[in-house]
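Dropping my_file09.cif in here (mmCIF, C-alpha atoms and all ligand atoms):
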```cif
data_structure
#
loop_
_atom_site.label_atom_id
_atom_site.label_comp_id
_atom_site.auth_asym_id
_atom_site.auth_seq_id
_atom_site.Cartn_x
_atom_site.Cartn_y
_atom_site.Cartn_z
CA MET A 1280 -42.37 -126.38 22.60
CA ASN A 1281 -44.71 -128.40 20.37
CA VAL A 1282 -46.84 -131.29 21.61
CA ASN A 1283 -44.32 -133.93 20.50
CA GLN A 1284 -41.51 -132.29 22.45
CA MET A 1285 -43.76 -131.87 25.47
CA LEU A 1286 -44.71 -135.56 25.30
CA VAL A 1287 -41.05 -136.62 25.21
CA GLN A 1288 -40.47 -134.62 28.39
CA LYS A 1289 -43.58 -135.92 30.13
CA ILE A 1290 -42.81 -139.55 29.19
CA GLN A 1291 -39.32 -139.14 30.69
CA GLU A 1292 -40.88 -137.74 33.84
CA VAL A 1293 -43.26 -140.74 34.12
CA ASP A 1294 -40.36 -143.15 33.53
CA ASN A 1295 -38.39 -141.54 36.36
CA ILE A 1296 -41.36 -141.84 38.72
CA LEU A 1297 -41.90 -145.51 37.79
CA ASN A 1298 -38.22 -146.31 38.19
CA HIS A 1299 -38.33 -145.02 41.76
CA TYR A 1300 -41.01 -147.58 42.67
CA LEU A 1301 -39.55 -150.61 40.92
CA ILE A 1302 -36.38 -151.53 42.78
CA PRO A 1303 -35.91 -155.02 44.32
CA THR A 1304 -35.13 -155.11 48.03
CA SER A 1305 -33.56 -158.59 48.07
CA LYS A 1306 -32.08 -161.11 45.65
CA TYR A 1307 -35.32 -163.13 45.84
CA GLU A 1308 -37.23 -160.24 44.30
CA GLU A 1309 -34.90 -159.79 41.37
CA LYS A 1310 -36.72 -162.02 38.86
CA ILE A 1311 -40.19 -160.57 39.41
CA TYR A 1312 -38.85 -157.00 39.18
CA GLU A 1313 -36.96 -157.96 36.02
CA ALA A 1314 -40.19 -159.24 34.44
CA ILE A 1315 -42.14 -156.18 35.58
CA ARG A 1316 -39.49 -153.73 34.37
CA TYR A 1317 -39.27 -155.57 31.04
CA SER A 1318 -42.89 -154.65 30.25
CA ILE A 1319 -43.10 -151.31 32.05
CA PHE A 1320 -40.02 -149.91 30.31
CA ALA A 1321 -40.82 -151.34 26.88
CA GLY A 1322 -41.85 -147.90 25.63
CA GLY A 1323 -45.55 -147.21 26.17
CA LYS A 1324 -47.18 -143.87 25.38
CA ARG A 1325 -47.77 -143.17 29.12
CA LEU A 1326 -51.12 -141.67 28.18
CA ARG A 1327 -52.94 -142.39 31.44
CA PRO A 1328 -50.32 -140.97 33.89
CA ILE A 1329 -49.81 -137.98 31.60
CA LEU A 1330 -53.56 -137.29 31.65
CA LEU A 1331 -53.65 -137.69 35.44
CA MET A 1332 -50.76 -135.27 36.02
CA GLU A 1333 -52.09 -132.78 33.49
CA ALA A 1334 -55.58 -132.73 35.05
CA TYR A 1335 -53.93 -132.15 38.43
CA GLN A 1336 -51.81 -129.31 37.08
CA MET A 1337 -54.93 -127.72 35.59
CA MET A 1338 -56.07 -127.27 39.17
CA ASP A 1339 -52.94 -125.21 39.69
CA HIS A 1340 -50.86 -127.65 41.69
CA LYS A 1341 -47.34 -129.00 41.58
CA ILE A 1342 -47.02 -132.62 40.45
CA GLU A 1343 -44.99 -133.92 43.44
CA LYS A 1344 -48.07 -135.10 45.32
CA VAL A 1345 -49.66 -137.00 42.44
CA LYS A 1346 -46.58 -138.99 41.53
CA PRO A 1347 -47.71 -142.17 43.36
CA PHE A 1348 -51.10 -142.06 41.65
CA ALA A 1349 -49.52 -141.46 38.23
CA ALA A 1350 -47.23 -144.47 38.76
CA ALA A 1351 -50.17 -146.57 39.96
CA ILE A 1352 -52.38 -145.93 36.93
CA GLU A 1353 -49.57 -146.92 34.54
CA MET A 1354 -48.94 -150.06 36.62
CA ILE A 1355 -52.62 -151.03 36.36
CA HIS A 1356 -52.56 -150.37 32.61
CA THR A 1357 -49.37 -152.43 32.12
CA TYR A 1358 -50.72 -155.34 34.19
CA SER A 1359 -53.79 -155.38 31.93
CA LEU A 1360 -51.60 -155.49 28.82
CA ILE A 1361 -49.44 -158.35 30.19
CA HIS A 1362 -52.54 -160.39 31.04
CA ASP A 1363 -54.32 -159.46 27.80
CA ASP A 1364 -51.38 -160.86 25.79
CA LEU A 1365 -51.47 -164.27 27.53
CA PRO A 1366 -52.44 -167.38 25.56
CA ALA A 1367 -55.68 -167.57 27.58
CA MET A 1368 -56.66 -164.14 26.26
CA ASP A 1369 -55.37 -162.58 23.03
CA ASN A 1370 -52.28 -164.81 22.71
CA ASP A 1371 -50.05 -162.09 21.29
CA ASP A 1372 -46.31 -162.42 20.70
CA TYR A 1373 -45.39 -158.74 20.44
CA ARG A 1374 -46.25 -155.67 22.50
CA ARG A 1375 -44.56 -152.28 22.59
CA GLY A 1376 -42.11 -153.50 19.95
CA LYS A 1377 -40.82 -156.39 22.05
CA LEU A 1378 -41.72 -160.02 22.70
CA THR A 1379 -44.63 -160.22 25.14
CA ASN A 1380 -43.90 -160.90 28.79
CA HIS A 1381 -44.96 -164.56 28.77
CA LYS A 1382 -42.85 -165.21 25.66
CA VAL A 1383 -39.74 -164.14 27.60
CA TYR A 1384 -40.50 -165.16 31.19
CA GLY A 1385 -43.13 -167.89 30.75
CA GLU A 1386 -46.82 -167.79 31.57
CA GLY A 1387 -46.45 -168.26 35.32
CA ILE A 1388 -44.12 -165.33 35.84
CA ALA A 1389 -46.15 -163.17 33.41
CA ILE A 1390 -49.32 -163.80 35.44
CA LEU A 1391 -47.45 -162.98 38.65
CA ALA A 1392 -45.86 -159.85 37.13
CA GLY A 1393 -49.35 -158.58 36.26
CA ASP A 1394 -50.70 -159.49 39.71
CA ALA A 1395 -47.70 -157.84 41.38
CA LEU A 1396 -48.21 -154.64 39.40
CA LEU A 1397 -51.85 -154.46 40.46
CA ASN A 1398 -50.94 -154.97 44.14
CA LEU A 1399 -48.07 -152.53 43.97
CA ALA A 1400 -50.36 -149.91 42.43
CA PHE A 1401 -52.65 -150.06 45.45
CA GLU A 1402 -49.79 -150.15 47.96
CA ILE A 1403 -48.33 -147.02 46.40
CA MET A 1404 -51.70 -145.24 46.31
CA VAL A 1405 -52.36 -146.03 49.99
CA GLN A 1406 -48.98 -144.53 50.86
CA GLY A 1407 -49.74 -141.55 48.61
CA ALA A 1408 -53.06 -141.02 50.38
CA LEU A 1409 -51.40 -141.23 53.82
CA ASP A 1410 -48.64 -138.81 52.82
CA TYR A 1411 -50.91 -136.34 51.07
CA ASP A 1412 -54.58 -136.15 51.94
CA LEU A 1413 -56.41 -139.23 53.19
CA SER A 1414 -59.86 -138.19 52.06
CA LEU A 1415 -58.85 -137.07 48.56
CA GLY A 1416 -56.54 -140.07 48.24
CA LEU A 1417 -59.33 -142.51 49.16
CA GLN A 1418 -61.82 -140.84 46.80
CA THR A 1419 -59.23 -141.22 44.04
CA MET A 1420 -58.61 -144.88 44.85
CA LYS A 1421 -62.36 -145.53 44.84
CA ILE A 1422 -62.69 -144.15 41.29
CA ILE A 1423 -59.60 -145.93 39.99
CA SER A 1424 -60.54 -149.29 41.52
CA LYS A 1425 -64.09 -149.04 40.19
CA GLU A 1426 -63.08 -148.04 36.66
CA ALA A 1427 -60.35 -150.71 36.52
CA GLY A 1428 -62.76 -153.34 37.87
CA ILE A 1429 -66.03 -155.07 36.98
CA GLN A 1430 -67.81 -151.79 36.21
CA GLY A 1431 -64.87 -150.69 34.08
CA MET A 1432 -61.88 -152.29 32.37
CA ILE A 1433 -62.33 -155.89 33.62
CA GLY A 1434 -66.06 -155.73 32.86
CA GLY A 1435 -65.26 -154.64 29.29
CA GLN A 1436 -62.62 -157.32 28.92
CA VAL A 1437 -65.09 -160.01 30.05
CA ILE A 1438 -67.63 -159.06 27.37
CA ASP A 1439 -64.81 -158.73 24.82
CA LEU A 1440 -63.68 -162.27 25.62
CA LEU A 1441 -67.22 -163.70 25.56
CA SER A 1442 -67.89 -161.97 22.24
CA GLU A 1443 -65.04 -163.61 20.31
CA ASN A 1444 -66.35 -165.28 17.16
CA GLN A 1445 -69.88 -164.20 18.09
CA LYS A 1446 -72.26 -161.88 16.30
CA ILE A 1447 -72.63 -158.96 18.66
CA ASP A 1448 -74.85 -155.91 18.28
CA PHE A 1449 -73.57 -152.36 18.11
CA GLU A 1450 -74.69 -151.61 21.68
CA THR A 1451 -72.48 -154.44 22.97
CA LEU A 1452 -69.51 -153.15 20.96
CA ILE A 1453 -69.92 -149.70 22.52
CA TYR A 1454 -70.21 -151.31 25.99
CA ILE A 1455 -66.85 -153.01 25.36
CA HIS A 1456 -65.19 -149.77 24.21
CA GLU A 1457 -66.62 -147.71 27.07
CA HIS A 1458 -65.50 -150.20 29.69
CA LYS A 1459 -62.33 -151.80 28.36
CA THR A 1460 -60.74 -148.58 27.15
CA ALA A 1461 -62.54 -145.35 28.11
CA ALA A 1462 -63.03 -146.21 31.80
CA LEU A 1463 -59.34 -146.24 32.79
CA ILE A 1464 -58.68 -143.14 30.67
CA HIS A 1465 -61.41 -141.04 32.29
CA SER A 1466 -60.55 -142.40 35.75
CA ALA A 1467 -57.00 -141.03 35.30
CA LEU A 1468 -58.40 -137.60 34.48
CA GLN A 1469 -60.92 -137.68 37.32
CA ALA A 1470 -58.12 -138.72 39.70
CA GLY A 1471 -56.12 -135.62 38.77
CA ILE A 1472 -59.06 -133.29 39.36
CA ILE A 1473 -60.07 -134.99 42.63
CA LEU A 1474 -56.51 -134.84 44.01
CA GLY A 1475 -56.36 -131.20 43.01
CA GLY A 1476 -59.47 -130.52 45.09
CA GLY A 1477 -61.74 -129.92 42.07
CA THR A 1478 -65.49 -129.38 42.27
CA LYS A 1479 -68.16 -131.95 41.34
CA GLU A 1480 -68.79 -130.02 38.12
CA GLN A 1481 -65.11 -130.06 37.19
CA ILE A 1482 -64.94 -133.81 37.89
CA GLN A 1483 -68.04 -134.39 35.73
CA LYS A 1484 -66.67 -132.31 32.85
CA ILE A 1485 -63.27 -134.01 32.83
CA LYS A 1486 -65.01 -137.40 32.96
CA GLU A 1487 -67.03 -136.40 29.90
CA PHE A 1488 -63.83 -135.34 28.11
CA GLY A 1489 -62.13 -138.63 29.01
CA TYR A 1490 -65.15 -140.64 27.88
CA TYR A 1491 -65.08 -139.12 24.38
CA LEU A 1492 -61.29 -139.25 24.21
CA GLY A 1493 -61.31 -142.90 25.28
CA LEU A 1494 -63.88 -143.91 22.65
CA ALA A 1495 -61.99 -142.00 19.94
CA PHE A 1496 -58.73 -143.62 21.10
CA GLN A 1497 -60.22 -147.13 20.85
CA ILE A 1498 -61.68 -146.59 17.36
CA GLN A 1499 -58.32 -145.21 16.24
CA ASP A 1500 -56.77 -148.36 17.73
CA ASP A 1501 -59.18 -150.47 15.63
CA ILE A 1502 -58.29 -148.44 12.53
CA LEU A 1503 -54.56 -148.91 13.16
CA ASP A 1504 -55.09 -152.65 13.64
CA GLU A 1505 -56.51 -152.62 10.11
CA ILE A 1506 -54.20 -150.23 8.27
CA GLY A 1507 -51.32 -149.40 10.65
CA SER A 1508 -47.67 -150.39 10.42
CA GLU A 1509 -46.51 -153.28 12.64
CA GLU A 1510 -43.11 -151.64 12.93
CA ILE A 1511 -44.47 -148.33 14.19
CA LEU A 1512 -47.15 -149.92 16.41
CA GLY A 1513 -44.71 -152.45 17.89
CA LYS A 1514 -47.32 -155.22 17.73
CA ALA A 1515 -49.03 -157.42 15.18
CA THR A 1516 -51.76 -155.87 13.06
CA HIS A 1517 -54.97 -157.67 12.00
CA SER A 1518 -55.10 -159.23 15.48
CA ASP A 1519 -58.82 -158.38 15.83
CA ALA A 1520 -59.71 -160.42 12.76
CA LYS A 1521 -57.39 -163.23 13.92
CA ASN A 1522 -59.15 -163.32 17.30
CA GLY A 1523 -62.63 -163.15 15.76
CA LYS A 1524 -63.29 -159.72 17.24
CA VAL A 1525 -65.94 -157.33 16.04
CA THR A 1526 -64.60 -153.76 15.91
CA TYR A 1527 -65.96 -150.38 14.89
CA VAL A 1528 -64.18 -150.89 11.56
CA SER A 1529 -65.65 -154.33 10.91
CA PHE A 1530 -69.08 -152.96 11.86
CA HIS A 1531 -69.13 -149.74 9.87
CA GLY A 1532 -66.09 -149.74 7.57
CA LEU A 1533 -62.92 -147.67 7.58
CA GLU A 1534 -64.36 -144.39 6.31
CA LYS A 1535 -67.15 -144.21 8.87
CA ALA A 1536 -64.69 -145.20 11.59
CA LYS A 1537 -62.39 -142.30 10.67
CA LYS A 1538 -65.36 -139.90 10.69
CA GLN A 1539 -66.36 -141.21 14.11
CA VAL A 1540 -62.85 -140.56 15.48
CA ASP A 1541 -63.17 -136.95 14.25
CA PHE A 1542 -66.66 -136.61 15.71
CA LEU A 1543 -65.71 -138.01 19.13
CA SER A 1544 -62.49 -135.98 19.27
CA ASN A 1545 -64.51 -132.83 18.58
CA GLN A 1546 -66.95 -133.79 21.34
CA ALA A 1547 -63.92 -134.21 23.62
CA LEU A 1548 -62.63 -130.77 22.64
CA GLU A 1549 -66.05 -129.28 23.32
CA SER A 1550 -66.04 -130.70 26.87
CA LEU A 1551 -62.67 -129.03 27.41
CA SER A 1552 -64.02 -125.56 26.63
CA PHE A 1553 -65.33 -125.54 30.22
CA PHE A 1554 -61.70 -125.38 31.42
CA GLY A 1555 -60.67 -122.47 29.20
CA GLU A 1556 -56.98 -121.65 28.85
CA SER A 1557 -55.90 -124.18 31.47
CA ALA A 1558 -56.72 -127.04 29.06
CA THR A 1559 -54.35 -125.93 26.29
CA PHE A 1560 -52.15 -129.03 26.54
CA LEU A 1561 -55.13 -131.43 26.69
CA ARG A 1562 -56.52 -129.75 23.57
CA ALA A 1563 -53.24 -130.21 21.71
CA LEU A 1564 -52.96 -133.80 22.93
CA THR A 1565 -56.49 -134.63 21.72
CA LYS A 1566 -55.66 -133.33 18.24
CA HIS A 1567 -52.35 -135.21 18.29
CA LEU A 1568 -54.09 -138.50 19.23
CA MET A 1569 -56.75 -138.07 16.51
CA ASN A 1570 -53.99 -138.27 13.94
CA ARG A 1571 -51.71 -140.80 15.62
CA ASN A 1572 -50.15 -143.68 13.68
CA TYR A 1573 -48.70 -145.43 16.78
C1 LIG B 1 -56.63 -158.22 31.17
C2 LIG B 1 -58.11 -157.10 32.89
C3 LIG B 1 -57.53 -157.11 31.56
C4 LIG B 1 -57.83 -156.12 30.73
C5 LIG B 1 -57.24 -155.96 29.42
C6 LIG B 1 -55.97 -153.11 28.14
C7 LIG B 1 -56.78 -154.28 27.78
C8 LIG B 1 -57.80 -154.75 28.76
C9 LIG B 1 -56.54 -154.96 26.67
C10 LIG B 1 -55.48 -154.63 25.70
C11 LIG B 1 -56.01 -154.61 24.32
C12 LIG B 1 -56.68 -153.34 23.95
C13 LIG B 1 -56.69 -152.96 22.53
C14 LIG B 1 -57.25 -152.63 24.88
C15 LIG B 1 -57.92 -151.36 24.62
C16 LIG B 1 -57.18 -150.29 25.30
C17 LIG B 1 -55.95 -149.98 24.56
C18 LIG B 1 -56.07 -149.33 23.25
C19 LIG B 1 -54.79 -150.33 25.12
C20 LIG B 1 -53.49 -149.95 24.58
O1 LIG B 1 -53.19 -148.73 25.21
P1 LIG B 1 -52.03 -147.81 24.70
O2 LIG B 1 -52.12 -147.65 23.21
O3 LIG B 1 -50.76 -148.72 25.02
O4 LIG B 1 -52.03 -146.58 25.52
P2 LIG B 1 -49.26 -148.28 25.38
O5 LIG B 1 -48.45 -149.51 25.07
O6 LIG B 1 -48.89 -147.11 24.54
O7 LIG B 1 -49.26 -147.96 26.84
#
```

What's the structure tokens form of this structure?
Amino acid sequence: MNVNQMLVQKIQEVDNILNHYLIPTSKYEEKIYEAIRYSIFAGGKRLRPILLMEAYQMMDHKIEKVKPFAAAIEMIHTYSLIHDDLPAMDNDDYRRGKLTNHKVYGEGIAILAGDALLNLAFEIMVQGALDYDLSLGLQTMKIISKEAGIQGMIGGQVIDLLSENQKIDFETLIYIHEHKTAALIHSALQAGIILGGGTKEQIQKIKEFGYYLGLAFQIQDDILDEIGSEEILGKATHSDAKNGKVTYVSFHGLEKAKKQVDFLSNQALESLSFFGESATFLRALTKHLMNRNY
């Protein structure tokens, strides 16, 4: 099986897990679940849950026990996309090839759908910790909540928002990338290793891999915003320029940005050498993402 075929299978697996957790229990819950399911099942890459499950499998375990955590990380990611698209933030009309959540359900329901996803993520993780291993579950939740919070994704989003139409220095741009994008990606990988009972060194190495992968992923995202196809991406291009955002591309130009994606992806691959054969899929995925057009 090549990496594309493996991804199709893994995406299906993530979709099945998510479906299990997103069923209304009364008629009063139908609208909020409809709004949530609209965005969750709009066709994302499922990168973060796939990384979490893969890191766990590298520790030689079966995926059953990490399912709640895999679902939770995708819920946190999707909440952030719904909120990021709101008029108060990026004001985008399309995401994952469909109208954004607030365009279909209105701003109020879109805000609540994002809030509900965040709450549900933690409810599911608590249950996962209780069912599996309380100590490992809590350590995982600590990492995920930190990297999705002020010291991670939200922190990056705050500086991103404050930097619109401002002249920012390169250090600030890297802060935004590290926090807004790389933090959730490496937290997913760390979660898999922690739940698998990995050592401190293994956790550190996978974090390093996720850090480089996350930065490469964001610069590739900036490149695609400049030269990608709206049809393939499922969202508007040139949105960074429209929102007055400084990106790696606007800072250093397209050619240097492409070289940086190669450099960071190679750094990521180097961190994986620590894991030997067990990291074969992560190696293939890194190479696949370096060349992605979606
Ligand atoms: C609103 C708290 C809050 C945070 C928003 C995720 C985010 C932070 C903003 C979205 C805009 C953006 C470009 C973020 C950088 C991370 C990124 C590239 C997100 C898109 O992730 P993909 O490509 O999306 O994995 P899919 O749709 O495939 O899941």

Which residues of chain A sit at most 6 Å from ligand LIG 1 (chain B), using only C-alpha atoms and all ligand atoms? Give each one's shortest atom pair and distance in Å (one decimal place), in chain and ascending residue order, as CSV.
```
residue,atom,partner,partner_atom,distance
A:Gly1323,CA,B:LIG1,O6,3.7
A:Lys1324,CA,B:LIG1,O6,3.8
A:Arg1325,CA,B:LIG1,O7,5.5
A:Leu1326,CA,B:LIG1,O4,5.7
A:Ser1359,CA,B:LIG1,C1,4.1
A:Leu1360,CA,B:LIG1,C6,5.0
A:His1362,CA,B:LIG1,C1,4.6
A:Asp1363,CA,B:LIG1,C1,4.3
A:Arg1375,CA,B:LIG1,O5,5.4
A:Met1432,CA,B:LIG1,C4,5.8
A:Ile1433,CA,B:LIG1,C2,4.5
A:Gln1436,CA,B:LIG1,C4,5.3
A:Lys1459,CA,B:LIG1,C8,5.4
A:Thr1460,CA,B:LIG1,C16,4.4
A:Gln1497,CA,B:LIG1,C18,5.3
A:Asp1500,CA,B:LIG1,C18,5.6
```

### Message
The residues within 12 Å of (-46.5, -152.4, 35.9), using only C-alpha atoms and the coordinates of the file, should be reported as JSON, numbers by chain; which are they?
### Response
{"A": [1294, 1297, 1298, 1300, 1301, 1311, 1312, 1313, 1314, 1315, 1316, 1317, 1318, 1319, 1320, 1321, 1323, 1325, 1349, 1350, 1351, 1352, 1353, 1354, 1355, 1356, 1357, 1358, 1359, 1360, 1361, 1362, 1380, 1389, 1390, 1391, 1392, 1393, 1394, 1395, 1396, 1397, 1398, 1399, 1400, 1401, 1403]}

Mind writing the picked residues with C-alpha atoms as an mmCIF file, in the coordinates of the input?
```
data_model
loop_
_atom_site.group_PDB
_atom_site.id
_atom_site.type_symbol
_atom_site.label_atom_id
_atom_site.label_comp_id
_atom_site.auth_asym_id
_atom_site.auth_seq_id
_atom_site.Cartn_x
_atom_site.Cartn_y
_atom_site.Cartn_z
ATOM 1 C CA ASP A 1294 -40.360 -143.150 33.530
ATOM 2 C CA LEU A 1297 -41.900 -145.510 37.790
ATOM 3 C CA ASN A 1298 -38.220 -146.310 38.190
ATOM 4 C CA TYR A 1300 -41.010 -147.580 42.670
ATOM 5 C CA LEU A 1301 -39.550 -150.610 40.920
ATOM 6 C CA ILE A 1311 -40.190 -160.570 39.410
ATOM 7 C CA TYR A 1312 -38.850 -157.000 39.180
ATOM 8 C CA GLU A 1313 -36.960 -157.960 36.020
ATOM 9 C CA ALA A 1314 -40.190 -159.240 34.440
ATOM 10 C CA ILE A 1315 -42.140 -156.180 35.580
ATOM 11 C CA ARG A 1316 -39.490 -153.730 34.370
ATOM 12 C CA TYR A 1317 -39.270 -155.570 31.040
ATOM 13 C CA SER A 1318 -42.890 -154.650 30.250
ATOM 14 C CA ILE A 1319 -43.100 -151.310 32.050
ATOM 15 C CA PHE A 1320 -40.020 -149.910 30.310
ATOM 16 C CA ALA A 1321 -40.820 -151.340 26.880
ATOM 17 C CA GLY A 1323 -45.550 -147.210 26.170
ATOM 18 C CA ARG A 1325 -47.770 -143.170 29.120
ATOM 19 C CA ALA A 1349 -49.520 -141.460 38.230
ATOM 20 C CA ALA A 1350 -47.230 -144.470 38.760
ATOM 21 C CA ALA A 1351 -50.170 -146.570 39.960
ATOM 22 C CA ILE A 1352 -52.380 -145.930 36.930
ATOM 23 C CA GLU A 1353 -49.570 -146.920 34.540
ATOM 24 C CA MET A 1354 -48.940 -150.060 36.620
ATOM 25 C CA ILE A 1355 -52.620 -151.030 36.360
ATOM 26 C CA HIS A 1356 -52.560 -150.370 32.610
ATOM 27 C CA THR A 1357 -49.370 -152.430 32.120
ATOM 28 C CA TYR A 1358 -50.720 -155.340 34.190
ATOM 29 C CA SER A 1359 -53.790 -155.380 31.930
ATOM 30 C CA LEU A 1360 -51.600 -155.490 28.820
ATOM 31 C CA ILE A 1361 -49.440 -158.350 30.190
ATOM 32 C CA HIS A 1362 -52.540 -160.390 31.040
ATOM 33 C CA ASN A 1380 -43.900 -160.900 28.790
ATOM 34 C CA ALA A 1389 -46.150 -163.170 33.410
ATOM 35 C CA ILE A 1390 -49.320 -163.800 35.440
ATOM 36 C CA LEU A 1391 -47.450 -162.980 38.650
ATOM 37 C CA ALA A 1392 -45.860 -159.850 37.130
ATOM 38 C CA GLY A 1393 -49.350 -158.580 36.260
ATOM 39 C CA ASP A 1394 -50.700 -159.490 39.710
ATOM 40 C CA ALA A 1395 -47.700 -157.840 41.380
ATOM 41 C CA LEU A 1396 -48.210 -154.640 39.400
ATOM 42 C CA LEU A 1397 -51.850 -154.460 40.460
ATOM 43 C CA ASN A 1398 -50.940 -154.970 44.140
ATOM 44 C CA LEU A 1399 -48.070 -152.530 43.970
ATOM 45 C CA ALA A 1400 -50.360 -149.910 42.430
ATOM 46 C CA PHE A 1401 -52.650 -150.060 45.450
ATOM 47 C CA ILE A 1403 -48.330 -147.020 46.400
#
```

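Distances to Ile1429 in chain A were evaluated for A:Met1404, A:Leu1463, A:Met1569, A:Ile1472 using all atoms listed in the file, and the minimum falls at A:Leu1463.
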
### Spatial neighbours of Gln1483 in chain A, max dist 12 Å, all atoms listed in the file, sep filter under 3 positions, as a ChimeraX atom specification
/A:1465-1466,1468-1470,1472-1473,1477-1480,1486-1490,1550-1551,1553-1554

Could you turn the residues from that selection into a file that holds C-alpha atoms, as an mmCIF file, in the coordinates of the input?
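Final output, out.cif:
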```cif
data_model
loop_
_atom_site.group_PDB
_atom_site.id
_atom_site.type_symbol
_atom_site.label_atom_id
_atom_site.label_comp_id
_atom_site.auth_asym_id
_atom_site.auth_seq_id
_atom_site.Cartn_x
_atom_site.Cartn_y
_atom_site.Cartn_z
ATOM 1 C CA HIS A 1465 -61.410 -141.040 32.290
ATOM 2 C CA SER A 1466 -60.550 -142.400 35.750
ATOM 3 C CA LEU A 1468 -58.400 -137.600 34.480
ATOM 4 C CA GLN A 1469 -60.920 -137.680 37.320
ATOM 5 C CA ALA A 1470 -58.120 -138.720 39.700
ATOM 6 C CA ILE A 1472 -59.060 -133.290 39.360
ATOM 7 C CA ILE A 1473 -60.070 -134.990 42.630
ATOM 8 C CA GLY A 1477 -61.740 -129.920 42.070
ATOM 9 C CA THR A 1478 -65.490 -129.380 42.270
ATOM 10 C CA LYS A 1479 -68.160 -131.950 41.340
ATOM 11 C CA GLU A 1480 -68.790 -130.020 38.120
ATOM 12 C CA LYS A 1486 -65.010 -137.400 32.960
ATOM 13 C CA GLU A 1487 -67.030 -136.400 29.900
ATOM 14 C CA PHE A 1488 -63.830 -135.340 28.110
ATOM 15 C CA GLY A 1489 -62.130 -138.630 29.010
ATOM 16 C CA TYR A 1490 -65.150 -140.640 27.880
ATOM 17 C CA SER A 1550 -66.040 -130.700 26.870
ATOM 18 C CA LEU A 1551 -62.670 -129.030 27.410
ATOM 19 C CA PHE A 1553 -65.330 -125.540 30.220
ATOM 20 C CA PHE A 1554 -61.700 -125.380 31.420
#
```

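By chain and then residue number, the residues within 12 Å of Asp1541 in chain A are Tyr1491, Leu1492, Leu1494, Ala1495, Phe1496, Ile1498, Gln1499, Glu1534, Lys1535, Ala1536, Lys1537, Lys1538, Gln1539, Leu1543, Ser1544, Asn1545, Gln1546, Ala1547, Leu1548, Thr1565, Lys1566, His1567, Leu1568, Met1569 and Asn1570 of chain A, counting all atoms listed in the file and disregarding those fewer than 2 positions away in sequence.
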
### Summary
With distances taken over all atoms listed in the file, the candidate from A:Val1405, A:Ile1502, A:Ile1485, A:Ile1455 nearest Asp1519 in chain A is A:Ile1502

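Distance-wise, CA of Gly1471 in chain A and CA of Tyr1527 in chain A end up 29.7 Å apart.
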
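Remark: for Gly1476 in chain A, the closest of the candidate residues A:Thr1559, A:Ser1552, A:Gln1418, A:Gln1445 is A:Gln1418 (distances computed over all atoms listed in the file).
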
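You will find CA of Tyr1384 in chain A at 11.6 Å from CA of Leu1365 in chain A.
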
Non-local contacts of Thr1379 in chain A (8 Å; all atoms listed in the file; under 3 positions in same chain excluded) as a PDB file with C-alpha atoms, in the coordinates of the input:
```
ATOM      1  CA  SER A1318     -42.890-154.650  30.250  1.00  0.00           C
ATOM      2  CA  ILE A1361     -49.440-158.350  30.190  1.00  0.00           C
ATOM      3  CA  ASP A1364     -51.380-160.860  25.790  1.00  0.00           C
ATOM      4  CA  ASP A1371     -50.050-162.090  21.290  1.00  0.00           C
ATOM      5  CA  ASP A1372     -46.310-162.420  20.700  1.00  0.00           C
ATOM      6  CA  TYR A1373     -45.390-158.740  20.440  1.00  0.00           C
ATOM      7  CA  ARG A1374     -46.250-155.670  22.500  1.00  0.00           C
ATOM      8  CA  LYS A1382     -42.850-165.210  25.660  1.00  0.00           C
ATOM      9  CA  VAL A1383     -39.740-164.140  27.600  1.00  0.00           C
TER      10      VAL A1383
END
```

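For the atom pair formed by CA of Gln1430 in chain A and CA of Ala1462 in chain A, the distance is 8.6 Å, given to one decimal.
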
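Residue nearest Met1420 in chain A within the list A:Gln1288, A:Asp1369, A:Pro1328, A:Leu1474: A:Leu1474 [criterion: smallest interatomic distance, only C-alpha atoms].
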
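Distances to Val1287 in chain A were evaluated for A:Ala1334, A:Ile1329, A:Asp1412, A:Val1528 using all atoms listed in the file, and the minimum falls at A:Ile1329.
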
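Closest to His1381 in chain A among A:Met1280, A:Met1338, A:Val1293, A:Ala1367 is A:Ala1367, based on all atoms listed in the file.
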
### Task
Take the point (-40.4, -135.0, 39.3) as written in the file and pick out every residue within 8 Å of it, counting only C-alpha atoms; give the list as a ChimeraX atom specification.
/A:1292,1295-1296,1342-1343,1346

Because the input lacks atoms here, generate N, CA and C atoms for range 1338-1343 of chain A and report them as a PDB file, keeping the file's coordinate frame.
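Result file out-v5.pdb:
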```
ATOM      1  N   MET A1338     -55.506-127.804  37.932  1.00  0.00           N
ATOM      2  CA  MET A1338     -56.070-127.270  39.170  1.00  0.00           C
ATOM      3  C   MET A1338     -55.030-126.400  39.883  1.00  0.00           C
ATOM      4  N   ASP A1339     -53.932-126.129  39.171  1.00  0.00           N
ATOM      5  CA  ASP A1339     -52.940-125.210  39.690  1.00  0.00           C
ATOM      6  C   ASP A1339     -52.043-125.779  40.780  1.00  0.00           C
ATOM      7  N   HIS A1340     -51.683-127.036  40.646  1.00  0.00           N
ATOM      8  CA  HIS A1340     -50.860-127.650  41.690  1.00  0.00           C
ATOM      9  C   HIS A1340     -49.553-128.180  41.123  1.00  0.00           C
ATOM     10  N   LYS A1341     -48.619-128.405  41.984  1.00  0.00           N
ATOM     11  CA  LYS A1341     -47.340-129.000  41.580  1.00  0.00           C
ATOM     12  C   LYS A1341     -47.474-130.524  41.557  1.00  0.00           C
ATOM     13  N   ILE A1342     -46.738-131.184  40.653  1.00  0.00           N
ATOM     14  CA  ILE A1342     -47.020-132.620  40.450  1.00  0.00           C
ATOM     15  C   ILE A1342     -46.477-133.554  41.537  1.00  0.00           C
ATOM     16  N   GLU A1343     -45.627-133.058  42.424  1.00  0.00           N
ATOM     17  CA  GLU A1343     -44.990-133.920  43.440  1.00  0.00           C
ATOM     18  C   GLU A1343     -45.989-134.874  44.107  1.00  0.00           C
TER      19      GLU A1343
END
```
